[in-house]
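Everything below concerns the one structure shown next.
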Amino acid sequence: MVDFNKIAKKWQNRWEKDNIFATKISKNKQKYYVLEMYPYPSATLHIGHLRNYSIGDCIARFMRMNCFNVLYPMGYDSFGLPAENAAIKNKADPREWTESNIKAIKRQQKSIGLSYDWSREIASHRESYYKWNQWIFLKMFEKGLAYRKKSPVNWCPSCKTVLANEQVIDGKCWRCSSEVEIKDLEQWFFKITKYAKELLNDLDKLRDWPEKVKIMQKNWIGKSEGTLVNFKLKDTDENLPVFTTRPDTLYGVTFMVFAPEHPKVLELVKGTKYEKDVKKFINEVVIKEKFERTSEESEKKGMFIGKYAVNPLNNEKIPIYIANFVLLDYGTGMIMAVPAHDQRDFEFAKKYKIPIKVVISSSDFDLNEKKMDRAYIGEGKLINSGEFNGLNNKDAIDYITKYIEKNKLGKKTVQYKLRDWLISRQRYWGTPIPIIYCGKCGVVPVPEKNLPVKLPKDVKFTGEGNPLLTSGSFVNVKCPKCKGEAKRETDTMDTFVDSSWYFFRFCDSKENKLPFSKGAEYFMPVNQYIGGIEHAILHLLYARFFTKVLRDLKLTKVSEPFTRLLTQGMVTKDGAKMSKSLGNVVDPSWIIDKYGPDTARLFILFAALPERELEWNDKGVEGSFKFLNRIYNLVNDKPKFRKDINNKDKFIISKTNSTIKQVTEYINDFKLSLAIGSLMELVNSINRYKKQEVNEKIYHECLKDLILLFSPFCPHISEELWEKIGNKNYISMEKWPKFDSNKINKKAEELEELLHNTISDINEILKLINKKAKKVIIYSIPKEKSLFNENKELLEDELDLEIQVYAVNDKDKYDPSNKSKKAKPGKPAIYIE
RNA sequence: GCGGGGGUGCCGGAGUGGACAAACGGGCUGGGUUUAGGCCCCAGUGGCUUAGUGCCUACGCAGGUUCGAAUCCUGUCUCCCGCACCA
């Protein structure tokens, strides 16, 4: 038995010793940047990782063999909740915990022979990386792209800490099961909305992105055109801006609704008799109805908050409500409600007995406020609308908007569903936000020369509040401006910040004057990005946003980071996503231990097309292992050689060549499982071919091409076989075989198939009738008759029978009583005597 | 709930208007090799029927478009991904 693990180790050591996968800037070679989404460093590799890397390494090796200067790096997305949880739970030091995880996963990555340039490794928790997060933050702050505003968080009153959505289970804290509350905090945002238009429009440029991802991003950005109307808070000058696509119904507004979690709401009810109920309502809606509240059918719930607004067109006094169906995220987080002409508003008005006012008349029926049983959303002429009466409502949209703009009551605007990116996290294990608060000078950015703001080590992980607050040395600082006593910002950055530009850093991972420089100029954009479909929106959108910001900071010329995108499907088990809580996570290391890395890689790639979801089942692992053995034995077995060239040789040349064409195309299209299927067919053909004497030169040519084609999938065994057939160089650095259309011989391939099928059929029949036969009569179509005759001896040898061949329309030999004479192309009728 | 995908033989999965009972593998059955087993090699594998031929049925379910549908449309069930503090 061949020890594939030993072979793997041998070649991994040699690759490392000769450092063959290190990449440099090269003027003579075209660059190609392949990147897998860098992983969160968990201690063990799972099936999804294996799939991700096997795909990436296959592409990287393929492109390298196609003479590109391939950049293929690896790093770790190493900030985040799990390290902090480990610190709280096991008193582990997050730094040590993370580094030891990185060590563990890296060892496993190395064990599968991925052709990374390890010298470029980065990890986002290291100062040399997160320093640049801070640097970029400061640049964005200067440009007004980083700003502070109030925003609600999940708050556990008993743990006195902010909870991630993941930590809220059925409205309760995951640790202590207390009811979670909503609390407003002043937090940092990135102004991604400033780039909404470009992020939307540039999707069209991404020709090599999956359509589904582009659609999801488009819907997420969610552009809509409408009018911003400023209502006034009654008896004040304060504006309450409302976004509407229906300014034509402005005279029909009978109430206004805020999203319950709108920061303004608590301000408005503070100290009033409504305060207590409002707070209760907010918690209920925001936490428990997180998604369900957007349903058209779900029950409309709300309450009056004791304040009024003023309609800017007719100065009517309008009561202000809060309700579950209004979302903070969309528009301005408040709406004008027109119950007569909007179904949701109508239902709400009916329930809370709010007046309904018709402002659009229908030509089909009389609309009566008291009798209406649903909103009228059709077209019509404006009524009860002052000077706009009589206008068609579609035209009125324009007229009224113009009127509003003229009188400075609002403006025409484009609204996006996309909202600014909240980057503040009240946690330890992330990049400190480089800001200092001074009583005198206000918000003061940390001067660039003082970067990085390092994460302190004198902190306590109690599970209560942000650990950073427990470090006096971190919190208490001198103001950089006035040198007075000041406090440091204790929020850290969302880990999505780290992953939004790491692909630039790989190009210049050791650069220490800038986040990146010349290397990025040469290597960016990423030609091929590979990662899970679950990142289709957030990560990819943030990375696109950052790239545009960095471009506007003149750090790069690139506008889009990823030219081509492959979103790999999830690996599921028992019909469900693999997760720790379900206990169905599969660790592939046993496959590697038992069969070696090549088998593991081959199997995961062969199991399904990369883009598709894959239901995990390890039953087929044996099959991939068998295939490796077949290739290995094929190369090691020496057939008998001869000098002349016959049809069989022509066939195998042709077959090898069509396989080159097919495998190349398949890899280009990511149809990796199909590429492996073609290789399996080729191996079958060569095995059959070498049963008899073969032409030595041709046989070796075919083997050579086969191993080359196979090497991106199973590099270790390919190196071994490459050496065995007498090569001194690395196959990893060898050139990809070229398809030669002159070598294609369709006739030879068809003939081979025809003869092979015929022999199989005859054997099958012999077996069925279970008797000795002397003679086989083949009725073929006339075109194929000569083929059979030419190969009669060969067939006779193989079958040990006498062969007679007739064409079906050969009248002399045609026996009408015999129904066996029907023949099809490629499938002759067979008669056995 | 909203947005995006998927459902094909015993199993993993190819096939996205005709050439397809369905690539390639697994499993199973039979044969070869072997003292035997394993490995390996070859073949078969929806149902019925004749050795050859032919018929029927199948692509979650129900309809529709088409000369023709797994493939296009409509409805429906179900699973997966995302929903902005998991990464």
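Going through the structure tokens in order, the chains are called A, B, and so on, while each chain numbers its residues from 1 and the ligands are numbered from 1 in the order shown.
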Next on the checklist: From a backbone DSSP assignment, name each residue in stretch 490-660 of chain A labelled strand (DSSP E), as a list in words.
Outcome noted: Thr492, Met493, Val526, Asn527, Gln528, Tyr529, Ile530, Gly531, Gly532, Phe562, Thr563, Arg564, Leu565, Leu566, Thr567, Gln568, Val571, Thr572, Lys573, Ala576, Lys577, Leu614, Glu615, Phe641 and Arg642 of chain A
Item to check | Distance query stretch 26-34 of chain B at most 7 Å, only C-alpha atoms (C1' of nucleotides), self and fewer than 6 positions along chain excluded, as a list in words | outcome: Lys619, Gly620 and Gly623 of chain A
Sorted by chain and rising residue number, which residues of chain B lie within 6 Å of chain A, and what are their closest atom pairs and distances in Å to one decimal, counting only C-alpha atoms (C1' of nucleotides), as CSV?
residue,atom,partner,partner_atom,distance
B:G1,C1',A:Ser295,CA,4.4
B:G4,C1',A:Met216,CA,5.9
B:G13,C1',A:Ala608,CA,5.9
B:C24,C1',A:Gly677,CA,4.5
B:G26,C1',A:Gly620,CA,4.7
B:A51,C1',A:Ile765,CA,5.5
B:G52,C1',A:Ser820,CA,5.3
B:C81,C1',A:Glu534,CA,5.5
B:C85,C1',A:Ala164,CA,4.1
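The residue set within 9 Å of stretch 76-79 of chain B, counting only C-alpha atoms (C1' of nucleotides) and dropping same-chain residues fewer than 2 places from it, reads Gly575 and Ala576 of chain A; G6, G7, G60, C61 and A62 of chain B.
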All residues 9 Å or closer to stretch 285-287 of chain A, only C-alpha atoms (C1' of nucleotides), same chain fewer than 3 positions away omitted, as an mmCIF file with C-alpha atoms, in the first residue's frame:
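Generated output (part_17.cif):
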data_model
loop_
_atom_site.group_PDB
_atom_site.id
_atom_site.type_symbol
_atom_site.label_atom_id
_atom_site.label_comp_id
_atom_site.auth_asym_id
_atom_site.auth_seq_id
_atom_site.Cartn_x
_atom_site.Cartn_y
_atom_site.Cartn_z
ATOM 1 C CA ASN A 154 -29.332 45.382 22.954
ATOM 2 C CA VAL A 168 -30.055 37.561 22.376
ATOM 3 C CA ASP A 170 -35.877 34.798 22.351
ATOM 4 C CA GLY A 171 -35.540 38.297 23.722
ATOM 5 C CA LYS A 172 -33.377 37.123 26.609
ATOM 6 C CA VAL A 180 -33.016 42.276 27.044
ATOM 7 C CA GLU A 181 -33.670 46.009 26.825
ATOM 8 C CA ILE A 182 -33.092 48.572 24.160
ATOM 9 C CA PRO A 260 -40.514 52.911 18.244
ATOM 10 C CA GLU A 261 -36.738 52.662 18.669
ATOM 11 C CA LYS A 280 -42.139 48.747 27.395
ATOM 12 C CA PHE A 281 -43.512 48.920 23.885
ATOM 13 C CA ILE A 282 -40.074 49.523 22.388
ATOM 14 C CA LYS A 290 -37.313 41.629 15.022
ATOM 15 C CA PHE A 291 -38.302 40.320 11.608
ATOM 16 C CA ARG A 293 -42.960 43.210 12.221
ATOM 17 C CA LYS A 301 -49.627 47.786 16.997
ATOM 18 C CA ALA A 323 -45.913 51.673 15.731
ATOM 19 C CA ASN A 324 -44.350 48.331 14.955
#
Item to check | Which of stretch 319-532 of chain A DSSP labels alpha helix (DSSP H), written as a PyMOL selection string | outcome: chain A and resi 343-352+393-406+472-475+495-498+502-505+518-523
Those same residues - C-alpha atoms - I'd like them written as a PDB file, in the first residue's frame.
ATOM      1  CA  GLN A 343     -53.437  50.032   3.528  1.00  0.00           C
ATOM      2  CA  ARG A 344     -51.122  49.764   6.531  1.00  0.00           C
ATOM      3  CA  ASP A 345     -52.021  53.281   7.640  1.00  0.00           C
ATOM      4  CA  PHE A 346     -55.690  52.450   7.109  1.00  0.00           C
ATOM      5  CA  GLU A 347     -55.566  49.386   9.336  1.00  0.00           C
ATOM      6  CA  PHE A 348     -53.761  51.337  12.014  1.00  0.00           C
ATOM      7  CA  ALA A 349     -56.214  54.234  11.869  1.00  0.00           C
ATOM      8  CA  LYS A 350     -59.199  51.926  12.151  1.00  0.00           C
ATOM      9  CA  LYS A 351     -57.700  50.150  15.133  1.00  0.00           C
ATOM     10  CA  TYR A 352     -56.834  53.349  17.018  1.00  0.00           C
ATOM     11  CA  ASN A 393     -52.672  62.503  -8.505  1.00  0.00           C
ATOM     12  CA  LYS A 394     -49.731  61.329 -10.634  1.00  0.00           C
ATOM     13  CA  ASP A 395     -49.138  64.870 -11.823  1.00  0.00           C
ATOM     14  CA  ALA A 396     -49.684  66.188  -8.347  1.00  0.00           C
ATOM     15  CA  ILE A 397     -46.596  64.345  -7.117  1.00  0.00           C
ATOM     16  CA  ASP A 398     -44.528  66.656  -9.232  1.00  0.00           C
ATOM     17  CA  TYR A 399     -46.518  69.841  -8.571  1.00  0.00           C
ATOM     18  CA  ILE A 400     -46.524  69.402  -4.833  1.00  0.00           C
ATOM     19  CA  THR A 401     -42.837  68.503  -4.729  1.00  0.00           C
ATOM     20  CA  LYS A 402     -42.040  71.665  -6.656  1.00  0.00           C
ATOM     21  CA  TYR A 403     -44.211  73.682  -4.292  1.00  0.00           C
ATOM     22  CA  ILE A 404     -42.418  72.164  -1.306  1.00  0.00           C
ATOM     23  CA  GLU A 405     -39.006  72.916  -2.737  1.00  0.00           C
ATOM     24  CA  LYS A 406     -39.989  76.465  -3.622  1.00  0.00           C
ATOM     25  CA  GLY A 472      -7.135  52.933  33.979  1.00  0.00           C
ATOM     26  CA  SER A 473      -3.965  53.297  31.943  1.00  0.00           C
ATOM     27  CA  PHE A 474      -5.967  53.018  28.769  1.00  0.00           C
ATOM     28  CA  VAL A 475      -8.902  55.229  29.652  1.00  0.00           C
ATOM     29  CA  THR A 495     -14.463  43.180  12.797  1.00  0.00           C
ATOM     30  CA  PHE A 496     -15.910  43.791   9.365  1.00  0.00           C
ATOM     31  CA  VAL A 497     -13.564  46.779   9.248  1.00  0.00           C
ATOM     32  CA  ASP A 498     -10.600  44.400   9.348  1.00  0.00           C
ATOM     33  CA  TYR A 502      -7.078  43.045   4.107  1.00  0.00           C
ATOM     34  CA  PHE A 503      -6.736  42.076   0.453  1.00  0.00           C
ATOM     35  CA  PHE A 504      -4.772  45.287  -0.098  1.00  0.00           C
ATOM     36  CA  ARG A 505      -2.512  44.501   2.824  1.00  0.00           C
ATOM     37  CA  LYS A 518       3.510  49.582  -4.702  1.00  0.00           C
ATOM     38  CA  GLY A 519       2.583  45.947  -4.279  1.00  0.00           C
ATOM     39  CA  ALA A 520      -1.094  46.825  -4.269  1.00  0.00           C
ATOM     40  CA  GLU A 521      -0.637  48.925  -7.341  1.00  0.00           C
ATOM     41  CA  TYR A 522       0.731  45.873  -9.099  1.00  0.00           C
ATOM     42  CA  PHE A 523      -1.448  43.093  -7.682  1.00  0.00           C
TER      43      PHE A 523
END
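Relative to atom CA of A:Ser711, atom CA of A:Arg64 is found at 11.5 Å.
Of the listed residues B:G18, B:C40, B:G12, B:A84, the one whose atoms come nearest to B:U71 is B:G18, with distances taken using only C-alpha atoms (C1' of nucleotides).
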Which neighbours of A:Lys205 fall inside 10 Å, counting only C-alpha atoms (C1' of nucleotides), when residues of the same chain fewer than 3 positions from it are skipped, and could you give them as an mmCIF file with N, CA, C and O atoms, in the first residue's frame?
data_model
loop_
_atom_site.group_PDB
_atom_site.id
_atom_site.type_symbol
_atom_site.label_atom_id
_atom_site.label_comp_id
_atom_site.auth_asym_id
_atom_site.auth_seq_id
_atom_site.Cartn_x
_atom_site.Cartn_y
_atom_site.Cartn_z
ATOM 1 N N ASN A 201 -24.480 51.585 -8.876
ATOM 2 C CA ASN A 201 -24.190 51.673 -10.304
ATOM 3 C C ASN A 201 -23.043 50.767 -10.732
ATOM 4 O O ASN A 201 -23.078 50.186 -11.813
ATOM 5 N N ASP A 202 -22.039 50.663 -9.884
ATOM 6 C CA ASP A 202 -20.872 49.868 -10.269
ATOM 7 C C ASP A 202 -21.144 48.373 -10.304
ATOM 8 O O ASP A 202 -20.323 47.608 -10.814
ATOM 9 N N ASP A 208 -18.188 39.518 -13.954
ATOM 10 C CA ASP A 208 -17.859 38.151 -13.558
ATOM 11 C C ASP A 208 -18.261 37.840 -12.119
ATOM 12 O O ASP A 208 -17.653 37.029 -11.453
ATOM 13 N N TRP A 209 -19.293 38.515 -11.693
ATOM 14 C CA TRP A 209 -19.900 38.184 -10.405
ATOM 15 C C TRP A 209 -21.176 37.412 -10.674
ATOM 16 O O TRP A 209 -21.864 37.675 -11.658
ATOM 17 N N GLU A 560 -13.072 48.804 -7.792
ATOM 18 C CA GLU A 560 -13.755 47.585 -7.373
ATOM 19 C C GLU A 560 -12.683 46.566 -6.986
ATOM 20 O O GLU A 560 -11.777 46.297 -7.778
ATOM 21 N N THR A 563 -12.538 41.298 -9.133
ATOM 22 C CA THR A 563 -12.978 41.238 -10.524
ATOM 23 C C THR A 563 -13.938 40.076 -10.742
ATOM 24 O O THR A 563 -14.998 40.244 -11.336
#
Next on the checklist: When you look at A:Val694 with a cut-off of 10 Å (counting only C-alpha atoms (C1' of nucleotides)), what residues show up, excluding the ones that are within fewer than 6 positions of it in the same chain? I need them as JSON, numbers by chain.
Outcome noted: {"A": [639, 640, 641, 642, 643, 644, 645, 646, 648, 649, 700]}
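One finds atom CA of A:Tyr699 at 21.8 Å from atom CA of A:Leu754.
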Need the shell around A:Asp342: protein/DNA/RNA residues with any atom at most 10 Å away, counting only C-alpha atoms (C1' of nucleotides). Skip same-chain ones fewer than 2 positions apart. Format as a PDB file with all heavy atoms, in the first residue's frame?
ATOM      1  N   ARG A 246     -45.228  59.493  -1.941  1.00  0.00           N
ATOM      2  CA  ARG A 246     -46.582  59.926  -2.287  1.00  0.00           C
ATOM      3  C   ARG A 246     -46.914  61.324  -1.768  1.00  0.00           C
ATOM      4  O   ARG A 246     -47.860  61.521  -1.007  1.00  0.00           O
ATOM      5  CB  ARG A 246     -47.596  58.925  -1.698  1.00  0.00           C
ATOM      6  CG  ARG A 246     -47.560  57.521  -2.296  1.00  0.00           C
ATOM      7  CD  ARG A 246     -47.981  57.473  -3.751  1.00  0.00           C
ATOM      8  NE  ARG A 246     -49.286  58.063  -3.993  1.00  0.00           N
ATOM      9  CZ  ARG A 246     -50.438  57.399  -3.846  1.00  0.00           C
ATOM     10  NH1 ARG A 246     -50.437  56.131  -3.472  1.00  0.00           N
ATOM     11  NH2 ARG A 246     -51.584  58.003  -4.087  1.00  0.00           N
ATOM     12  N   THR A 249     -50.488  62.846  -1.543  1.00  0.00           N
ATOM     13  CA  THR A 249     -51.489  62.568  -0.499  1.00  0.00           C
ATOM     14  C   THR A 249     -51.250  63.406   0.763  1.00  0.00           C
ATOM     15  O   THR A 249     -51.836  63.132   1.802  1.00  0.00           O
ATOM     16  CB  THR A 249     -51.464  61.081  -0.115  1.00  0.00           C
ATOM     17  OG1 THR A 249     -50.161  60.758   0.428  1.00  0.00           O
ATOM     18  CG2 THR A 249     -51.745  60.178  -1.294  1.00  0.00           C
ATOM     19  N   ALA A 337     -48.718  59.425   7.842  1.00  0.00           N
ATOM     20  CA  ALA A 337     -49.688  58.371   7.595  1.00  0.00           C
ATOM     21  C   ALA A 337     -50.924  58.926   6.909  1.00  0.00           C
ATOM     22  O   ALA A 337     -51.484  59.935   7.334  1.00  0.00           O
ATOM     23  CB  ALA A 337     -50.070  57.691   8.895  1.00  0.00           C
ATOM     24  N   VAL A 338     -51.306  58.273   5.813  1.00  0.00           N
ATOM     25  CA  VAL A 338     -52.461  58.690   5.033  1.00  0.00           C
ATOM     26  C   VAL A 338     -53.417  57.504   4.962  1.00  0.00           C
ATOM     27  O   VAL A 338     -53.376  56.736   4.006  1.00  0.00           O
ATOM     28  CB  VAL A 338     -52.044  59.117   3.611  1.00  0.00           C
ATOM     29  CG1 VAL A 338     -53.227  59.705   2.854  1.00  0.00           C
ATOM     30  CG2 VAL A 338     -50.887  60.097   3.663  1.00  0.00           C
ATOM     31  N   PRO A 339     -54.218  57.324   5.965  1.00  0.00           N
ATOM     32  CA  PRO A 339     -55.023  56.099   6.051  1.00  0.00           C
ATOM     33  C   PRO A 339     -55.956  55.894   4.859  1.00  0.00           C
ATOM     34  O   PRO A 339     -56.222  54.754   4.489  1.00  0.00           O
ATOM     35  CB  PRO A 339     -55.805  56.267   7.352  1.00  0.00           C
ATOM     36  CG  PRO A 339     -55.700  57.702   7.711  1.00  0.00           C
ATOM     37  CD  PRO A 339     -54.426  58.205   7.140  1.00  0.00           C
ATOM     38  N   ALA A 340     -56.412  56.957   4.246  1.00  0.00           N
ATOM     39  CA  ALA A 340     -57.339  56.786   3.129  1.00  0.00           C
ATOM     40  C   ALA A 340     -56.674  56.125   1.932  1.00  0.00           C
ATOM     41  O   ALA A 340     -57.332  55.497   1.119  1.00  0.00           O
ATOM     42  CB  ALA A 340     -57.927  58.140   2.726  1.00  0.00           C
ATOM     43  N   ARG A 344     -51.635  49.937   5.163  1.00  0.00           N
ATOM     44  CA  ARG A 344     -51.122  49.764   6.531  1.00  0.00           C
ATOM     45  C   ARG A 344     -51.609  50.899   7.432  1.00  0.00           C
ATOM     46  O   ARG A 344     -52.036  50.685   8.570  1.00  0.00           O
ATOM     47  CB  ARG A 344     -49.592  49.733   6.525  1.00  0.00           C
ATOM     48  CG  ARG A 344     -49.030  48.408   6.073  1.00  0.00           C
ATOM     49  CD  ARG A 344     -47.533  48.459   6.043  1.00  0.00           C
ATOM     50  NE  ARG A 344     -47.056  49.663   5.332  1.00  0.00           N
ATOM     51  CZ  ARG A 344     -45.793  49.932   5.102  1.00  0.00           C
ATOM     52  NH1 ARG A 344     -44.856  49.126   5.540  1.00  0.00           N
ATOM     53  NH2 ARG A 344     -45.445  51.016   4.442  1.00  0.00           N
ATOM     54  N   ASP A 345     -51.556  52.123   6.876  1.00  0.00           N
ATOM     55  CA  ASP A 345     -52.021  53.281   7.640  1.00  0.00           C
ATOM     56  C   ASP A 345     -53.515  53.137   7.945  1.00  0.00           C
ATOM     57  O   ASP A 345     -53.981  53.487   9.028  1.00  0.00           O
ATOM     58  CB  ASP A 345     -51.797  54.583   6.848  1.00  0.00           C
ATOM     59  CG  ASP A 345     -50.319  54.821   6.554  1.00  0.00           C
ATOM     60  OD1 ASP A 345     -49.477  54.097   7.130  1.00  0.00           O
ATOM     61  OD2 ASP A 345     -50.020  55.709   5.733  1.00  0.00           O
ATOM     62  N   PHE A 346     -54.246  52.620   6.957  1.00  0.00           N
ATOM     63  CA  PHE A 346     -55.690  52.450   7.109  1.00  0.00           C
ATOM     64  C   PHE A 346     -56.005  51.515   8.275  1.00  0.00           C
ATOM     65  O   PHE A 346     -56.816  51.812   9.150  1.00  0.00           O
ATOM     66  CB  PHE A 346     -56.276  51.890   5.807  1.00  0.00           C
ATOM     67  CG  PHE A 346     -57.762  51.692   5.856  1.00  0.00           C
ATOM     68  CD1 PHE A 346     -58.626  52.749   5.572  1.00  0.00           C
ATOM     69  CD2 PHE A 346     -58.302  50.443   6.177  1.00  0.00           C
ATOM     70  CE1 PHE A 346     -60.003  52.568   5.622  1.00  0.00           C
ATOM     71  CE2 PHE A 346     -59.675  50.263   6.232  1.00  0.00           C
ATOM     72  CZ  PHE A 346     -60.534  51.324   5.956  1.00  0.00           C
ATOM     73  N   GLU A 347     -55.327  50.366   8.268  1.00  0.00           N
ATOM     74  CA  GLU A 347     -55.566  49.386   9.336  1.00  0.00           C
ATOM     75  C   GLU A 347     -55.251  49.989  10.699  1.00  0.00           C
ATOM     76  O   GLU A 347     -55.978  49.775  11.679  1.00  0.00           O
ATOM     77  CB  GLU A 347     -54.688  48.136   9.126  1.00  0.00           C
ATOM     78  CG  GLU A 347     -55.210  47.230   8.037  1.00  0.00           C
ATOM     79  CD  GLU A 347     -54.216  46.116   7.695  1.00  0.00           C
ATOM     80  OE1 GLU A 347     -53.515  45.634   8.599  1.00  0.00           O
ATOM     81  OE2 GLU A 347     -54.141  45.761   6.495  1.00  0.00           O
ATOM     82  N   ARG A 374     -61.274  49.487   3.126  1.00  0.00           N
ATOM     83  CA  ARG A 374     -59.829  49.391   2.862  1.00  0.00           C
ATOM     84  C   ARG A 374     -59.355  50.691   2.214  1.00  0.00           C
ATOM     85  O   ARG A 374     -60.184  51.506   1.787  1.00  0.00           O
ATOM     86  CB  ARG A 374     -59.515  48.183   1.968  1.00  0.00           C
ATOM     87  CG  ARG A 374     -60.155  48.252   0.609  1.00  0.00           C
ATOM     88  CD  ARG A 374     -60.014  46.915  -0.125  1.00  0.00           C
ATOM     89  NE  ARG A 374     -61.102  46.751  -1.081  1.00  0.00           N
ATOM     90  CZ  ARG A 374     -61.060  47.199  -2.337  1.00  0.00           C
ATOM     91  NH1 ARG A 374     -60.003  47.845  -2.783  1.00  0.00           N
ATOM     92  NH2 ARG A 374     -62.085  47.025  -3.133  1.00  0.00           N
ATOM     93  N   ALA A 375     -58.053  50.853   2.137  1.00  0.00           N
ATOM     94  CA  ALA A 375     -57.519  52.093   1.560  1.00  0.00           C
ATOM     95  C   ALA A 375     -57.736  52.092   0.049  1.00  0.00           C
ATOM     96  O   ALA A 375     -57.760  51.041  -0.584  1.00  0.00           O
ATOM     97  CB  ALA A 375     -56.035  52.200   1.882  1.00  0.00           C
ATOM     98  N   TYR A 376     -57.885  53.298  -0.523  1.00  0.00           N
ATOM     99  CA  TYR A 376     -57.978  53.422  -1.976  1.00  0.00           C
ATOM    100  C   TYR A 376     -56.588  53.767  -2.500  1.00  0.00           C
ATOM    101  O   TYR A 376     -56.059  54.854  -2.246  1.00  0.00           O
ATOM    102  CB  TYR A 376     -58.989  54.509  -2.364  1.00  0.00           C
ATOM    103  CG  TYR A 376     -59.007  54.735  -3.858  1.00  0.00           C
ATOM    104  CD1 TYR A 376     -59.475  53.748  -4.718  1.00  0.00           C
ATOM    105  CD2 TYR A 376     -58.533  55.927  -4.407  1.00  0.00           C
ATOM    106  CE1 TYR A 376     -59.465  53.936  -6.087  1.00  0.00           C
ATOM    107  CE2 TYR A 376     -58.519  56.122  -5.778  1.00  0.00           C
ATOM    108  CZ  TYR A 376     -58.985  55.122  -6.617  1.00  0.00           C
ATOM    109  OH  TYR A 376     -58.967  55.312  -7.975  1.00  0.00           O
ATOM    110  N   ILE A 377     -56.000  52.802  -3.218  1.00  0.00           N
ATOM    111  CA  ILE A 377     -54.624  53.060  -3.654  1.00  0.00           C
ATOM    112  C   ILE A 377     -54.546  53.304  -5.163  1.00  0.00           C
ATOM    113  O   ILE A 377     -53.469  53.409  -5.728  1.00  0.00           O
ATOM    114  CB  ILE A 377     -53.689  51.900  -3.253  1.00  0.00           C
ATOM    115  CG1 ILE A 377     -54.294  50.553  -3.668  1.00  0.00           C
ATOM    116  CG2 ILE A 377     -53.434  51.891  -1.750  1.00  0.00           C
ATOM    117  CD1 ILE A 377     -53.383  49.378  -3.425  1.00  0.00           C
TER     118      ILE A 377
END
